[in-house]
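Everything below concerns the one structure shown next.
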Amino acid sequence: MRTTLLLAVAFLAAAPLSAQTVVIRAGHLVDVENGRVVDDQSILIEDGRITAVGSRVVAPDGSEVIDLSDSYVMPGLIDAHTHLALMEMDGADINDHGSYYYASLIETTAMRVAQGTMMTRSMLESGFVWVRDTGNNGNYGDVTLRRAIQGGWIPGPNMVAAGRMIAPFGGQFQMQPEKPDLGEPEYFYADSRDEIIHAVRENVHYGATFVKLIIDNQPYFYSMEDVKTAVDEAHAMGVGVMAHATTDQGIRNAIRGGVDSIEHGFGATEATLQMMVDYGTYLVGTDFPAARIGERAFERNRLRNQMAHRLGVKMAFGSDAVYYEEGKTRGEQTLGFLDSYVAAGLPNAHILRMATMNAADLLGANSGRVAVGRNADIIAMPANPLENIHALRDVAFVMKDGHVYKRDGLFRWDVPTKLNNPRRKQPRGNMLLQNRD
Ligand SMILES: [Zn+2]
């Protein structure tokens, strides 16, 4: 009891203000880019940004010193494929419709955002400082969560939001003729090129910063020309485009249409993966554990990951965690997806790059590296994640934009008494710059 109290007091006294200068003494700094550890480094942070890294950084007068000399320090984690306002509960499955159809029918967006506040917090607690949320959030539930986090009203990672997923009629659900609209607002039906342009614009107007296309979930796929229509419209605003695609043909349509990332990509052949290398398209593999998708699908994905790694496909970590697992928070569940890449034999350094710098580059986030000019998104843990990826399960320190949210394994967040107004209007110009904030 006494120890806990003392710890809490120490934490209070040390909680940094945003404009404060902070120096982190990093005993072991994990250089994810080169896959090595550099000992006895110091990180200088001013106004939430890293301004110096090295062995001879002097702490300016009055700066706060955070002692992580016994820890492994690295850039904060990024999940490029989340659904933070969706949780499939066991027993909610109705036939082959998938329980997310059921969730979209019975839950209001408000209820899903309430659930989402629990999940955004758990993600930050597990070390995720940025996420790209990829739809299935009702009526812009992800944009609501992002604004609440931005305003400091709830704790969570910085977010890139997809808004409503743009899809041909029916979205990812099977409709019946008397109720054709039940797939909306979860999906934004857009079949003609004009409808696709309208869907992109309406999404951006309501707060999407990275639109998502559903390419091949119906017998009628989006063609290369359809994809290009969406990409031209979105890229002109600096908004990225991701494509849900699982068939080889669908993946090829999306790559040739110019999307920034392929989500899932389960059915990609070697030639298609090579096409991704040629076009510079990211693969966000969403590699579910075998316990969830079965040994056969797991093995298919494992071989796909080996091939993608061998060919040099740009790979970014994205989980697609959407379901409830008793005894685990969403953040803890998400970390479990990293095991799929260990099973594929990918080097730990590569896996760490996927979940830091590669994902940051895909999102356009000024994060993913402990380097001068980057936002101070930093985590620390007792063991070396380059030796064992499971070290990430014991993240004891989390800093996002220079603010400490977790220290000595204790998560702490105070209800603000000074409120910011979250941005409601989209900034003009290059929207990707918004992701850099
Ligand atoms: Zn998904």
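Just so we're on the same page: first chain in the structure tokens is A, next is B, and so on; residues restart at 1 for each chain, and ligands are numbered from 1 in the order they show up.
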Identify all residues of range 131-287 of chain A in helix (DSSP H, G or I) (DSSP on the backbone) and supply them as a ChimeraX atom specification. /A:141-150,180-183,193-205,224-235,248-257,270-279
Can you pull out the residues contacting Leu29 in chain A? Cut-off 6 Å, using only C-alpha atoms, and skip same-chain residues under 3 positions away; I want them as JSON, numbers by chain. {"A": [26, 37, 38, 72, 73]}
Check which residues fall inside 9 Å of ligand 1 when counting only C-alpha atoms and all ligand atoms, and print them as a list in words.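 If we count only C-alpha atoms and all ligand atoms, the neighbours of ligand 1 turn out to be His81, Thr82, His83, Asp133, Thr134, Gly135, Asn136, His244, Glu263, His264, Thr286, Gly318, Ser319, Asp320, Ala321 and Val322 of chain A.
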For CA of Ala268 in chain A and CA of Val313 in chain A, the interatomic separation in Å (one decimal):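 Straight-line distance from CA of Ala268 in chain A to CA of Val313 in chain A works out to 11.8 Å.
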From the list A:Met74, A:Val131, A:Ile389, A:Leu124, which residue is nearest Ala161 in chain A when using only C-alpha atoms?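 Counting only C-alpha atoms, the residue closest to Ala161 in chain A is A:Val131.
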Might you pull out every residue within 12 Å of range 232-241 of chain A, with only C-alpha atoms counted and same-chain residues fewer than 5 positions away left off, and present them as a ChimeraX atom specification? /A:132,134,160-163,165-166,193-205,207-215,225-227,254-255,257-263,281-282,361-364,426-435
Selected residue, from A:Gln41, A:Thr109, A:Asn253, A:Thr246, that lies nearest to Ser223 in chain A when counting only C-alpha atoms: A:Asn253
Tell me which protein, DNA and RNA residues are within 9 Å of range 292-309 of chain A, counting only C-alpha atoms, leaving out same-chain ones fewer than 5 positions away, and put them as a list in words.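 Contacts, with the query itself left out: Gly265, Phe266, Gly267, Ala268, Thr269, Glu270, Leu273, Gln274, Val277, Leu283, Gly285, Asp287, Lys314, Met315, Ser340, Tyr341, Ala343, Ala344, Gly345, Leu346 and His350 of chain A.
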So that I have them on file, write out the residues from the current selection with all heavy atoms, as a compact mmCIF listing (two decimals), in the first residue's frame.
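Output below, filename out_22.txt:
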# COMPACT_ATOMS: atom_id res chain seq x y z
N GLY A 265 -5.02 -9.29 -48.74
CA GLY A 265 -4.18 -9.80 -49.83
C GLY A 265 -3.92 -11.29 -49.76
O GLY A 265 -2.88 -11.78 -50.23
N PHE A 266 -4.86 -12.04 -49.19
CA PHE A 266 -4.61 -13.47 -48.92
C PHE A 266 -4.33 -14.27 -50.19
O PHE A 266 -3.52 -15.17 -50.20
CB PHE A 266 -5.82 -14.09 -48.20
CG PHE A 266 -6.10 -13.45 -46.85
CD1 PHE A 266 -7.41 -13.14 -46.47
CD2 PHE A 266 -5.07 -13.18 -45.96
CE1 PHE A 266 -7.68 -12.57 -45.23
CE2 PHE A 266 -5.34 -12.60 -44.71
CZ PHE A 266 -6.65 -12.30 -44.35
N GLY A 267 -5.02 -13.92 -51.29
CA GLY A 267 -4.91 -14.74 -52.49
C GLY A 267 -3.85 -14.28 -53.48
O GLY A 267 -3.87 -14.70 -54.65
N ALA A 268 -2.93 -13.44 -53.05
CA ALA A 268 -1.94 -12.91 -53.98
C ALA A 268 -0.96 -14.00 -54.44
O ALA A 268 -0.37 -14.69 -53.62
CB ALA A 268 -1.17 -11.76 -53.32
N THR A 269 -0.79 -14.12 -55.75
CA THR A 269 0.22 -15.03 -56.28
C THR A 269 1.57 -14.34 -56.25
O THR A 269 1.67 -13.13 -55.98
CB THR A 269 -0.10 -15.39 -57.74
OG1 THR A 269 -0.14 -14.16 -58.48
CG2 THR A 269 -1.43 -16.11 -57.87
N GLU A 270 2.60 -15.10 -56.56
CA GLU A 270 3.95 -14.51 -56.57
C GLU A 270 4.04 -13.35 -57.57
O GLU A 270 4.63 -12.31 -57.26
CB GLU A 270 4.99 -15.60 -56.90
CG GLU A 270 6.40 -15.06 -56.86
CD GLU A 270 7.45 -16.15 -56.72
OE1 GLU A 270 7.08 -17.34 -56.69
OE2 GLU A 270 8.64 -15.80 -56.65
N LEU A 273 2.44 -10.32 -56.04
CA LEU A 273 3.30 -9.72 -55.01
C LEU A 273 4.43 -8.94 -55.66
O LEU A 273 4.81 -7.85 -55.20
CB LEU A 273 3.85 -10.80 -54.08
CG LEU A 273 2.81 -11.46 -53.15
CD1 LEU A 273 3.42 -12.66 -52.42
CD2 LEU A 273 2.26 -10.46 -52.13
N GLN A 274 4.96 -9.49 -56.76
CA GLN A 274 6.01 -8.77 -57.49
C GLN A 274 5.46 -7.45 -58.05
O GLN A 274 6.16 -6.44 -58.05
CB GLN A 274 6.55 -9.65 -58.62
CG GLN A 274 7.70 -9.02 -59.41
CD GLN A 274 8.89 -8.61 -58.52
OE1 GLN A 274 9.37 -9.42 -57.71
NE2 GLN A 274 9.35 -7.36 -58.63
N VAL A 277 5.65 -4.87 -55.49
CA VAL A 277 7.00 -4.31 -55.38
C VAL A 277 7.19 -3.24 -56.45
O VAL A 277 7.65 -2.13 -56.17
CB VAL A 277 8.08 -5.41 -55.55
CG1 VAL A 277 9.48 -4.82 -55.54
CG2 VAL A 277 7.93 -6.48 -54.47
N LEU A 283 1.62 -3.99 -48.33
CA LEU A 283 0.79 -5.12 -47.94
C LEU A 283 0.50 -4.99 -46.45
O LEU A 283 1.43 -4.94 -45.63
CB LEU A 283 1.51 -6.45 -48.21
CG LEU A 283 0.76 -7.71 -47.71
CD1 LEU A 283 -0.56 -7.90 -48.44
CD2 LEU A 283 1.65 -8.95 -47.88
N GLY A 285 -1.18 -7.22 -44.05
CA GLY A 285 -1.56 -8.63 -44.16
C GLY A 285 -2.71 -9.09 -43.30
O GLY A 285 -3.35 -10.09 -43.59
N ASP A 287 -2.86 -10.79 -40.47
CA ASP A 287 -2.64 -12.23 -40.34
C ASP A 287 -3.15 -12.77 -39.01
O ASP A 287 -2.43 -12.80 -38.01
CB ASP A 287 -1.16 -12.52 -40.56
CG ASP A 287 -0.79 -12.28 -42.00
OD1 ASP A 287 -1.14 -13.13 -42.84
OD2 ASP A 287 -0.21 -11.22 -42.31
N LYS A 314 6.74 -4.00 -49.57
CA LYS A 314 6.65 -3.12 -48.40
C LYS A 314 5.53 -3.66 -47.50
O LYS A 314 4.38 -3.73 -47.91
CB LYS A 314 6.32 -1.68 -48.84
CG LYS A 314 7.46 -1.02 -49.61
CD LYS A 314 7.34 0.49 -49.60
CE LYS A 314 6.41 0.99 -50.67
NZ LYS A 314 6.45 2.47 -50.82
N MET A 315 5.90 -4.07 -46.30
CA MET A 315 4.92 -4.68 -45.39
C MET A 315 4.71 -3.78 -44.17
O MET A 315 5.66 -3.34 -43.55
CB MET A 315 5.41 -6.06 -44.92
CG MET A 315 5.60 -7.06 -46.07
SD MET A 315 6.46 -8.58 -45.54
CE MET A 315 5.11 -9.53 -44.84
N SER A 340 2.10 -14.28 -35.92
CA SER A 340 1.94 -14.84 -37.26
C SER A 340 3.19 -14.61 -38.10
O SER A 340 3.52 -15.41 -38.98
CB SER A 340 0.73 -14.20 -37.96
OG SER A 340 -0.44 -14.42 -37.21
N TYR A 341 3.89 -13.51 -37.84
CA TYR A 341 5.09 -13.19 -38.63
C TYR A 341 6.30 -13.93 -38.08
O TYR A 341 7.22 -14.26 -38.82
CB TYR A 341 5.30 -11.67 -38.67
CG TYR A 341 4.05 -11.01 -39.20
CD1 TYR A 341 3.14 -10.38 -38.36
CD2 TYR A 341 3.72 -11.11 -40.56
CE1 TYR A 341 1.96 -9.84 -38.85
CE2 TYR A 341 2.54 -10.57 -41.05
CZ TYR A 341 1.66 -9.94 -40.19
OH TYR A 341 0.49 -9.44 -40.68
N ALA A 343 5.94 -16.93 -36.91
CA ALA A 343 5.68 -18.27 -37.48
C ALA A 343 6.12 -18.35 -38.93
O ALA A 343 6.51 -19.41 -39.42
CB ALA A 343 4.19 -18.61 -37.36
N ALA A 344 6.09 -17.23 -39.64
CA ALA A 344 6.52 -17.20 -41.05
C ALA A 344 8.04 -17.11 -41.17
O ALA A 344 8.58 -17.11 -42.27
CB ALA A 344 5.86 -16.04 -41.77
N GLY A 345 8.71 -17.01 -40.02
CA GLY A 345 10.17 -16.96 -40.03
C GLY A 345 10.74 -15.59 -40.35
O GLY A 345 11.93 -15.46 -40.68
N LEU A 346 9.92 -14.57 -40.28
CA LEU A 346 10.43 -13.22 -40.54
C LEU A 346 11.30 -12.76 -39.37
O LEU A 346 10.97 -13.04 -38.21
CB LEU A 346 9.27 -12.24 -40.74
CG LEU A 346 8.75 -12.06 -42.17
CD1 LEU A 346 8.41 -13.38 -42.82
CD2 LEU A 346 7.53 -11.15 -42.18
N HIS A 350 12.51 -7.11 -38.73
CA HIS A 350 11.56 -6.82 -39.81
C HIS A 350 10.15 -6.62 -39.24
O HIS A 350 9.42 -5.71 -39.65
CB HIS A 350 11.57 -7.96 -40.82
CG HIS A 350 10.66 -7.74 -42.00
ND1 HIS A 350 11.00 -6.91 -43.04
CD2 HIS A 350 9.42 -8.19 -42.27
CE1 HIS A 350 10.00 -6.89 -43.92
NE2 HIS A 350 9.03 -7.65 -43.47
Calculated over only C-alpha atoms, which of the candidates A:Phe128, A:Ala290, A:Gly35, A:Pro422 has the smallest distance to Arg146 in chain A?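 The closest residue to Arg146 in chain A is A:Pro422.
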Could you please write out, as an MDAnalysis selection string, every residue of range 202-332 of chain A that DSSP assigns to strand (DSSP E or B)? chainID A and resid 210:214 240:245 261:264 282:284 314:315 323
Counting only C-alpha atoms, figure out which residue out of A:Tyr405, A:Tyr323, A:Tyr100, A:Phe317 gets nearest to Tyr187 in chain A.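 Ranked by minimum distance to Tyr187 in chain A, first place goes to A:Tyr100.
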Record the distance separating CA of Phe169 in chain A and CA of Tyr222 in chain A, expressed in Å with one decimal.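 If I compute the distance from CA of Phe169 in chain A to CA of Tyr222 in chain A, I get 10.8 Å.
Atom pair CA of Asn358 in chain A / CA of Arg121 in chain A: separated by 23.1 Å.
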So which one's closest to Asn420 in chain A, A:Gln218, A:Asn366, A:Asn384, A:Gln150? Using only C-alpha atoms, please. A:Gln150
Proximity to Glu332 in chain A - best of A:Thr144, A:Gln174, A:Asn217, A:Ser126, only C-alpha atoms: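 Checking each candidate against Glu332 in chain A, we get A:Ser126 as the closest.
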Polymer residues at most 12 Å from Gly116 in chain A, only C-alpha atoms, same-chain spacing of 2 or more positions, as a compact mmCIF listing (two decimals) with C-alpha atoms, in the first residue's frame:
# COMPACT_ATOMS: atom_id res chain seq x y z
CA THR A 82 -8.00 -1.53 -36.68
CA HIS A 83 -11.76 -1.48 -36.10
CA LEU A 84 -11.98 0.29 -32.77
CA ALA A 85 -15.76 0.69 -32.82
CA LEU A 86 -16.50 -2.95 -33.58
CA MET A 87 -16.42 -5.99 -31.35
CA THR A 109 -23.02 4.16 -33.50
CA ALA A 110 -23.14 5.83 -30.08
CA MET A 111 -22.92 2.46 -28.32
CA ARG A 112 -20.07 1.39 -30.55
CA VAL A 113 -18.17 4.60 -29.84
CA ALA A 114 -18.69 4.00 -26.11
CA MET A 118 -12.46 1.25 -23.97
CA MET A 119 -10.53 -0.08 -26.94
CA THR A 120 -8.63 3.11 -27.79
CA ARG A 121 -7.43 3.25 -24.20
CA SER A 122 -6.35 -0.40 -24.27
CA MET A 123 -4.41 0.14 -27.49
CA ASP A 133 -8.94 2.66 -38.41
CA ASN A 136 -16.97 -0.94 -39.81
CA ASN A 137 -17.69 1.85 -37.37
CA GLY A 138 -21.34 2.58 -38.08
CA GLY A 141 -17.76 6.26 -35.29
CA ASP A 142 -14.01 6.26 -36.01
CA VAL A 143 -14.03 9.98 -36.83
CA THR A 144 -15.85 10.63 -33.54
CA LEU A 145 -13.24 8.64 -31.62
CA ARG A 146 -10.42 10.47 -33.37
CA ALA A 148 -12.43 12.89 -28.87
CA ILE A 149 -8.79 11.75 -28.60
CA ILE A 154 -10.42 10.32 -23.90
CA PRO A 155 -7.05 8.56 -23.98
CA GLY A 156 -6.03 6.71 -27.12
CA PRO A 157 -3.60 6.52 -30.00
CA VAL A 322 -12.42 -7.31 -34.24
CA THR A 329 -7.98 -6.30 -23.90
CA ARG A 330 -8.08 -5.28 -27.55
CA GLY A 331 -4.51 -4.03 -27.19
